[in-house]
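Structure file my_file.cif; described as mmCIF, C-alpha atoms.
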data_protein
loop_
_atom_site.group_PDB
_atom_site.id
_atom_site.type_symbol
_atom_site.label_atom_id
_atom_site.label_comp_id
_atom_site.auth_asym_id
_atom_site.auth_seq_id
_atom_site.Cartn_x
_atom_site.Cartn_y
_atom_site.Cartn_z
ATOM 1 C CA MET A 25 71.550 -12.808 82.072
ATOM 2 C CA PRO A 26 70.252 -16.122 80.708
ATOM 3 C CA ILE A 27 66.545 -16.879 80.534
ATOM 4 C CA SER A 28 65.263 -18.854 83.533
ATOM 5 C CA PHE A 29 62.705 -21.623 83.253
ATOM 6 C CA LEU A 30 60.491 -23.499 85.646
ATOM 7 C CA THR A 31 61.521 -27.049 84.825
ATOM 8 C CA SER A 32 58.497 -28.746 86.359
ATOM 9 C CA THR A 33 55.254 -27.941 88.092
ATOM 10 C CA ASN A 34 55.514 -31.328 89.772
ATOM 11 C CA ILE A 35 57.662 -29.714 92.446
ATOM 12 C CA GLU A 36 56.246 -30.308 95.922
ATOM 13 C CA VAL A 37 57.714 -28.794 99.073
ATOM 14 C CA ASP A 38 56.954 -28.932 102.757
ATOM 15 C CA VAL A 39 56.649 -25.582 104.516
ATOM 16 C CA TYR A 40 55.982 -24.395 108.040
ATOM 17 C CA LEU A 41 54.117 -21.328 109.227
ATOM 18 C CA THR A 42 56.345 -18.979 111.157
ATOM 19 C CA PHE A 43 53.757 -18.208 113.852
ATOM 20 C CA ASP A 44 53.468 -21.917 114.765
ATOM 21 C CA LYS A 45 54.672 -22.161 118.379
ATOM 22 C CA SER A 46 56.579 -25.316 117.441
ATOM 23 C CA VAL A 47 58.634 -23.422 114.841
ATOM 24 C CA GLN A 48 61.510 -21.458 116.333
ATOM 25 C CA LEU A 49 63.013 -18.660 114.236
ATOM 26 C CA THR A 50 64.710 -15.355 114.916
ATOM 27 C CA GLU A 51 63.260 -12.364 113.049
ATOM 28 C CA GLU A 52 66.165 -12.536 110.591
ATOM 29 C CA GLN A 53 65.617 -16.262 110.018
ATOM 30 C CA ARG A 54 61.880 -15.643 109.572
ATOM 31 C CA SER A 55 62.492 -12.972 106.963
ATOM 32 C CA THR A 56 64.994 -15.173 105.120
ATOM 33 C CA TYR A 57 62.630 -18.150 105.197
ATOM 34 C CA LEU A 58 59.665 -16.217 103.841
ATOM 35 C CA SER A 59 61.688 -14.555 101.079
ATOM 36 C CA THR A 60 63.975 -17.413 100.018
ATOM 37 C CA GLY A 61 62.514 -20.619 101.452
ATOM 38 C CA ILE A 62 65.767 -21.348 103.272
ATOM 39 C CA PHE A 63 64.836 -22.611 106.734
ATOM 40 C CA GLU A 64 67.529 -22.141 109.381
ATOM 41 C CA GLY A 65 65.426 -22.396 112.513
ATOM 42 C CA LYS A 66 64.343 -25.294 114.679
ATOM 43 C CA VAL A 67 61.178 -27.340 114.347
ATOM 44 C CA LYS A 68 59.658 -29.343 117.179
ATOM 45 C CA GLU A 69 58.062 -32.702 116.443
ATOM 46 C CA ASP A 70 54.519 -31.349 116.696
ATOM 47 C CA ALA A 71 55.001 -28.496 114.185
ATOM 48 C CA THR A 72 52.337 -28.440 111.471
ATOM 49 C CA LYS A 73 53.774 -29.230 108.033
ATOM 50 C CA PHE A 74 52.028 -28.033 104.865
ATOM 51 C CA THR A 75 52.809 -29.654 101.505
ATOM 52 C CA ILE A 76 52.304 -27.384 98.495
ATOM 53 C CA LYS A 77 53.042 -27.721 94.798
ATOM 54 C CA ALA A 78 54.309 -25.244 92.232
ATOM 55 C CA LEU A 79 51.686 -23.629 90.013
ATOM 56 C CA SER A 80 52.240 -23.242 86.283
ATOM 57 C CA PRO A 81 51.481 -19.918 84.580
ATOM 58 C CA SER A 82 48.182 -21.389 83.357
ATOM 59 C CA ASP A 83 47.348 -22.596 86.901
ATOM 60 C CA ARG A 84 47.948 -19.076 88.229
ATOM 61 C CA GLU A 85 45.884 -17.547 85.417
ATOM 62 C CA GLU A 86 43.005 -19.952 86.146
ATOM 63 C CA ALA A 87 43.153 -18.951 89.819
ATOM 64 C CA GLU A 88 42.943 -15.279 88.821
ATOM 65 C CA VAL A 89 40.005 -15.958 86.512
ATOM 66 C CA ARG A 90 38.162 -17.866 89.267
ATOM 67 C CA ALA A 91 38.828 -14.903 91.557
ATOM 68 C CA GLY A 92 37.246 -12.494 89.044
ATOM 69 C CA SER A 93 40.100 -11.039 87.001
ATOM 70 C CA TYR A 94 37.757 -10.120 84.145
ATOM 71 C CA THR A 95 35.455 -8.190 86.436
ATOM 72 C CA ARG A 96 37.953 -6.641 88.850
ATOM 73 C CA SER A 97 38.032 -2.881 89.280
ATOM 74 C CA GLU A 98 40.779 -1.324 87.192
ATOM 75 C CA LEU A 99 40.341 1.941 89.107
ATOM 76 C CA GLY A 100 40.809 -0.039 92.296
ATOM 77 C CA ARG A 101 43.958 -1.649 90.853
ATOM 78 C CA MET A 102 45.423 1.761 89.999
ATOM 79 C CA LEU A 103 44.581 3.130 93.444
ATOM 80 C CA TRP A 104 46.107 0.043 95.076
ATOM 81 C CA ILE A 105 49.342 0.639 93.141
ATOM 82 C CA GLU A 106 49.373 4.328 94.092
ATOM 83 C CA SER A 107 48.563 3.844 97.789
ATOM 84 C CA PRO A 108 51.250 4.971 100.264
ATOM 85 C CA GLY A 109 53.324 2.389 102.127
ATOM 86 C CA ASP A 110 53.278 4.054 105.542
ATOM 87 C CA ASP A 111 50.212 2.945 107.553
ATOM 88 C CA LYS A 112 49.344 6.383 108.948
ATOM 89 C CA GLU A 113 49.881 8.073 105.600
ATOM 90 C CA LYS A 114 47.797 5.364 103.916
ATOM 91 C CA ALA A 115 44.951 5.844 106.399
ATOM 92 C CA GLN A 116 44.842 9.574 105.664
ATOM 93 C CA TRP A 117 45.104 8.933 101.918
ATOM 94 C CA HIS A 118 42.237 6.399 102.108
ATOM 95 C CA HIS A 119 40.131 8.816 104.166
ATOM 96 C CA ASN A 120 40.511 11.474 101.459
ATOM 97 C CA LEU A 121 39.363 9.207 98.625
ATOM 98 C CA LYS A 122 35.977 9.878 97.057
ATOM 99 C CA GLU A 123 33.319 7.306 97.914
ATOM 100 C CA ASP A 124 33.464 5.617 94.494
ATOM 101 C CA GLU A 125 37.270 5.429 94.750
ATOM 102 C CA ARG A 126 37.035 3.844 98.212
ATOM 103 C CA GLU A 127 34.578 1.292 96.851
ATOM 104 C CA ALA A 128 36.848 0.535 93.868
ATOM 105 C CA TYR A 129 39.865 0.198 96.161
ATOM 106 C CA GLY A 130 37.974 -2.129 98.519
ATOM 107 C CA SER A 131 36.676 -4.168 95.591
ATOM 108 C CA TYR A 132 40.199 -4.634 94.260
ATOM 109 C CA GLN A 133 41.498 -5.647 97.694
ATOM 110 C CA ALA A 134 38.697 -8.226 97.897
ATOM 111 C CA TYR A 135 39.726 -9.506 94.450
ATOM 112 C CA LEU A 136 43.351 -9.898 95.607
ATOM 113 C CA ASN A 137 42.204 -11.779 98.698
ATOM 114 C CA GLN A 138 40.192 -14.125 96.487
ATOM 115 C CA VAL A 139 43.228 -14.679 94.204
ATOM 116 C CA TYR A 140 45.203 -15.776 97.262
ATOM 117 C CA ILE A 141 42.431 -18.186 98.264
ATOM 118 C CA GLU A 142 42.319 -19.642 94.748
ATOM 119 C CA MET A 143 46.113 -20.046 94.684
ATOM 120 C CA ILE A 144 45.954 -22.046 97.905
ATOM 121 C CA ARG A 145 43.040 -24.089 96.553
ATOM 122 C CA SER A 146 45.223 -25.027 93.535
ATOM 123 C CA SER A 147 48.477 -25.602 95.411
ATOM 124 C CA LEU A 148 47.769 -27.091 98.851
ATOM 125 C CA LEU A 149 48.181 -30.871 98.848
ATOM 126 C CA LYS A 150 48.623 -32.036 102.443
ATOM 127 C CA ILE A 151 48.740 -30.950 106.044
ATOM 128 C CA ASP A 152 50.863 -33.208 108.243
ATOM 129 C CA GLY A 153 50.901 -35.834 105.508
ATOM 130 C CA GLU A 154 47.100 -36.009 105.211
ATOM 131 C CA LYS A 155 45.220 -34.827 102.132
ATOM 132 C CA ALA A 156 44.147 -31.225 102.654
ATOM 133 C CA SER A 157 41.939 -28.648 101.012
ATOM 134 C CA LEU A 158 41.141 -24.977 101.290
ATOM 135 C CA ASP A 159 38.504 -25.893 103.884
ATOM 136 C CA SER A 160 41.347 -27.030 106.154
ATOM 137 C CA ILE A 161 42.876 -23.544 105.998
ATOM 138 C CA GLN A 162 39.518 -21.824 106.473
ATOM 139 C CA MET A 163 39.077 -23.686 109.793
ATOM 140 C CA ILE A 164 42.261 -22.242 111.360
ATOM 141 C CA ARG A 165 41.459 -20.241 114.486
ATOM 142 C CA PRO A 166 41.865 -17.579 115.728
ATOM 143 C CA GLU A 167 41.090 -15.454 112.670
ATOM 144 C CA SER A 168 44.446 -13.667 112.847
ATOM 145 C CA HIS A 169 46.217 -17.034 112.466
ATOM 146 C CA ARG A 170 44.014 -17.966 109.494
ATOM 147 C CA VAL A 171 44.884 -14.687 107.754
ATOM 148 C CA GLN A 172 48.584 -15.110 108.498
ATOM 149 C CA ALA A 173 48.478 -18.725 107.277
ATOM 150 C CA ILE A 174 46.982 -17.584 103.978
ATOM 151 C CA THR A 175 49.602 -14.845 103.637
ATOM 152 C CA GLU A 176 52.545 -17.131 104.342
ATOM 153 C CA LEU A 177 51.280 -19.967 102.157
ATOM 154 C CA VAL A 178 50.805 -17.548 99.256
ATOM 155 C CA LEU A 179 54.364 -16.258 99.725
ATOM 156 C CA HIS A 180 55.687 -19.822 99.543
ATOM 157 C CA ILE A 181 53.489 -20.675 96.530
ATOM 158 C CA GLN A 182 54.576 -17.561 94.635
ATOM 159 C CA ARG A 183 58.239 -18.147 95.368
ATOM 160 C CA LEU A 184 57.993 -21.773 94.302
ATOM 161 C CA SER A 185 55.945 -21.025 91.191
ATOM 162 C CA LEU A 186 57.464 -17.893 89.763
ATOM 163 C CA ILE A 187 60.581 -17.963 87.646
ATOM 164 C CA GLY A 188 63.528 -16.341 89.392
ATOM 165 C CA ASP A 189 66.958 -15.215 88.221
ATOM 166 C CA SER A 190 68.468 -18.639 88.815
ATOM 167 C CA GLY A 191 65.548 -20.759 87.572
ATOM 168 C CA LYS A 192 64.307 -23.873 89.255
#
This structure in structure tokens:
Amino acid sequence: MPISFLTSTNIEVDVYLTFDKSVQLTEEQRSTYLSTGIFEGKVKEDATKFTIKALSPSDREEAEVRAGSYTRSELGRMLWIESPGDDKEKAQWHHNLKEDEREAYGSYQAYLNQVYIEMIRSSLLKIDGEKASLDSIQMIRPESHRVQAITELVLHIQRLSLIGDSGK
């Protein structure tokens, strides 16, 4: 397999959030869109369009540093890696952790959340063609939509920024 390269961090793309009522996708189309960026649904005129840019490796590293990568809990990171995938199993596993392990795990999860925020801060350019910032995302309501917006934007940013098998 040849080595893949990101040819430019000047790549900007427009993305939609799948929970936007003006974006119509089947579950299969949603999954494909979030994993590949290929949009096969329908978009109404009033759908909210987010413009993001690719992040270079140094941009991503700076975001991690701003989020606290040098002070993150390594125990928390190891526990996060080891945690079960099944929700019920994970809840029982978390319940059985010692107090210091639960704190380390929670601290690492907070670090990851901050990394996502910093990635959006570095990548988000516009919302509906108007200059945007992280504050724009933080004002999304209800809270569940704000959290989902952050999650989906990070998925798009990572896909756009990370080198894949076929390159950019």
Taking only C-alpha atoms into account, name the residue in A:Leu136, A:Ala91, A:Val178, A:Leu79 that is nearest to A:Trp104.
A:Leu136
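Rounded to one decimal, atom CA of A:Asp83 and atom CA of A:Tyr140 lie 12.6 Å from each other.
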Quick one: what's the axis-aligned box for stretch 57-69 of chain A, all listed atoms, 4 Å on every side, centre and edges in Å to one decimal, as AutoDock Vina command-line options?
--center_x 62.8 --center_y -23.6 --center_z 108.6 --size_x 17.5 --size_y 26.1 --size_z 25.2
Check which residues satisfy the PyMOL selection byres ((chain A and resi 39) around 12) in the file shown, then give them as an NGL selection string.
:A and (36-38 or 40-42 or 44 or 47 or 57-58 or 60-63 or 67 or 71-77 or 148-153 or 173 or 176-181 or 183-184)
Atom CA of A:Gln162 to atom CA of A:Lys45 measures 19.3 Å
What would the selection look like, as a PyMOL selection string, if the PyMOL selection byres ((chain A and resi 126) around 12) were run on the coordinates I just shared?
chain A and resi 97+99-104+107+115+117-125+127-133
Write the selection just made, keeping C-alpha atoms, as a PDB file, in the frame of the given file?
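Dumped to selection27.pdb:
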ATOM      1  CA  SER A  97      38.032  -2.881  89.280  1.00  0.00           C
ATOM      2  CA  LEU A  99      40.341   1.941  89.107  1.00  0.00           C
ATOM      3  CA  GLY A 100      40.809  -0.039  92.296  1.00  0.00           C
ATOM      4  CA  ARG A 101      43.958  -1.649  90.853  1.00  0.00           C
ATOM      5  CA  MET A 102      45.423   1.761  89.999  1.00  0.00           C
ATOM      6  CA  LEU A 103      44.581   3.130  93.444  1.00  0.00           C
ATOM      7  CA  TRP A 104      46.107   0.043  95.076  1.00  0.00           C
ATOM      8  CA  SER A 107      48.563   3.844  97.789  1.00  0.00           C
ATOM      9  CA  ALA A 115      44.951   5.844 106.399  1.00  0.00           C
ATOM     10  CA  TRP A 117      45.104   8.933 101.918  1.00  0.00           C
ATOM     11  CA  HIS A 118      42.237   6.399 102.108  1.00  0.00           C
ATOM     12  CA  HIS A 119      40.131   8.816 104.166  1.00  0.00           C
ATOM     13  CA  ASN A 120      40.511  11.474 101.459  1.00  0.00           C
ATOM     14  CA  LEU A 121      39.363   9.207  98.625  1.00  0.00           C
ATOM     15  CA  LYS A 122      35.977   9.878  97.057  1.00  0.00           C
ATOM     16  CA  GLU A 123      33.319   7.306  97.914  1.00  0.00           C
ATOM     17  CA  ASP A 124      33.464   5.617  94.494  1.00  0.00           C
ATOM     18  CA  GLU A 125      37.270   5.429  94.750  1.00  0.00           C
ATOM     19  CA  GLU A 127      34.578   1.292  96.851  1.00  0.00           C
ATOM     20  CA  ALA A 128      36.848   0.535  93.868  1.00  0.00           C
ATOM     21  CA  TYR A 129      39.865   0.198  96.161  1.00  0.00           C
ATOM     22  CA  GLY A 130      37.974  -2.129  98.519  1.00  0.00           C
ATOM     23  CA  SER A 131      36.676  -4.168  95.591  1.00  0.00           C
ATOM     24  CA  TYR A 132      40.199  -4.634  94.260  1.00  0.00           C
ATOM     25  CA  GLN A 133      41.498  -5.647  97.694  1.00  0.00           C
TER      26      GLN A 133
END
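Applied to this file, the PyMOL selection byres ((chain A and resi 138) around 12) selects Ala87, Glu88, Val89, Arg90, Ala91, Gly92, Ser93, Arg96, Ser131, Tyr132, Gln133, Ala134, Tyr135, Leu136, Asn137, Val139, Tyr140, Ile141, Glu142, Met143, Ile144, Arg145, Leu158, Ile174, Thr175 and Val178 of chain A.
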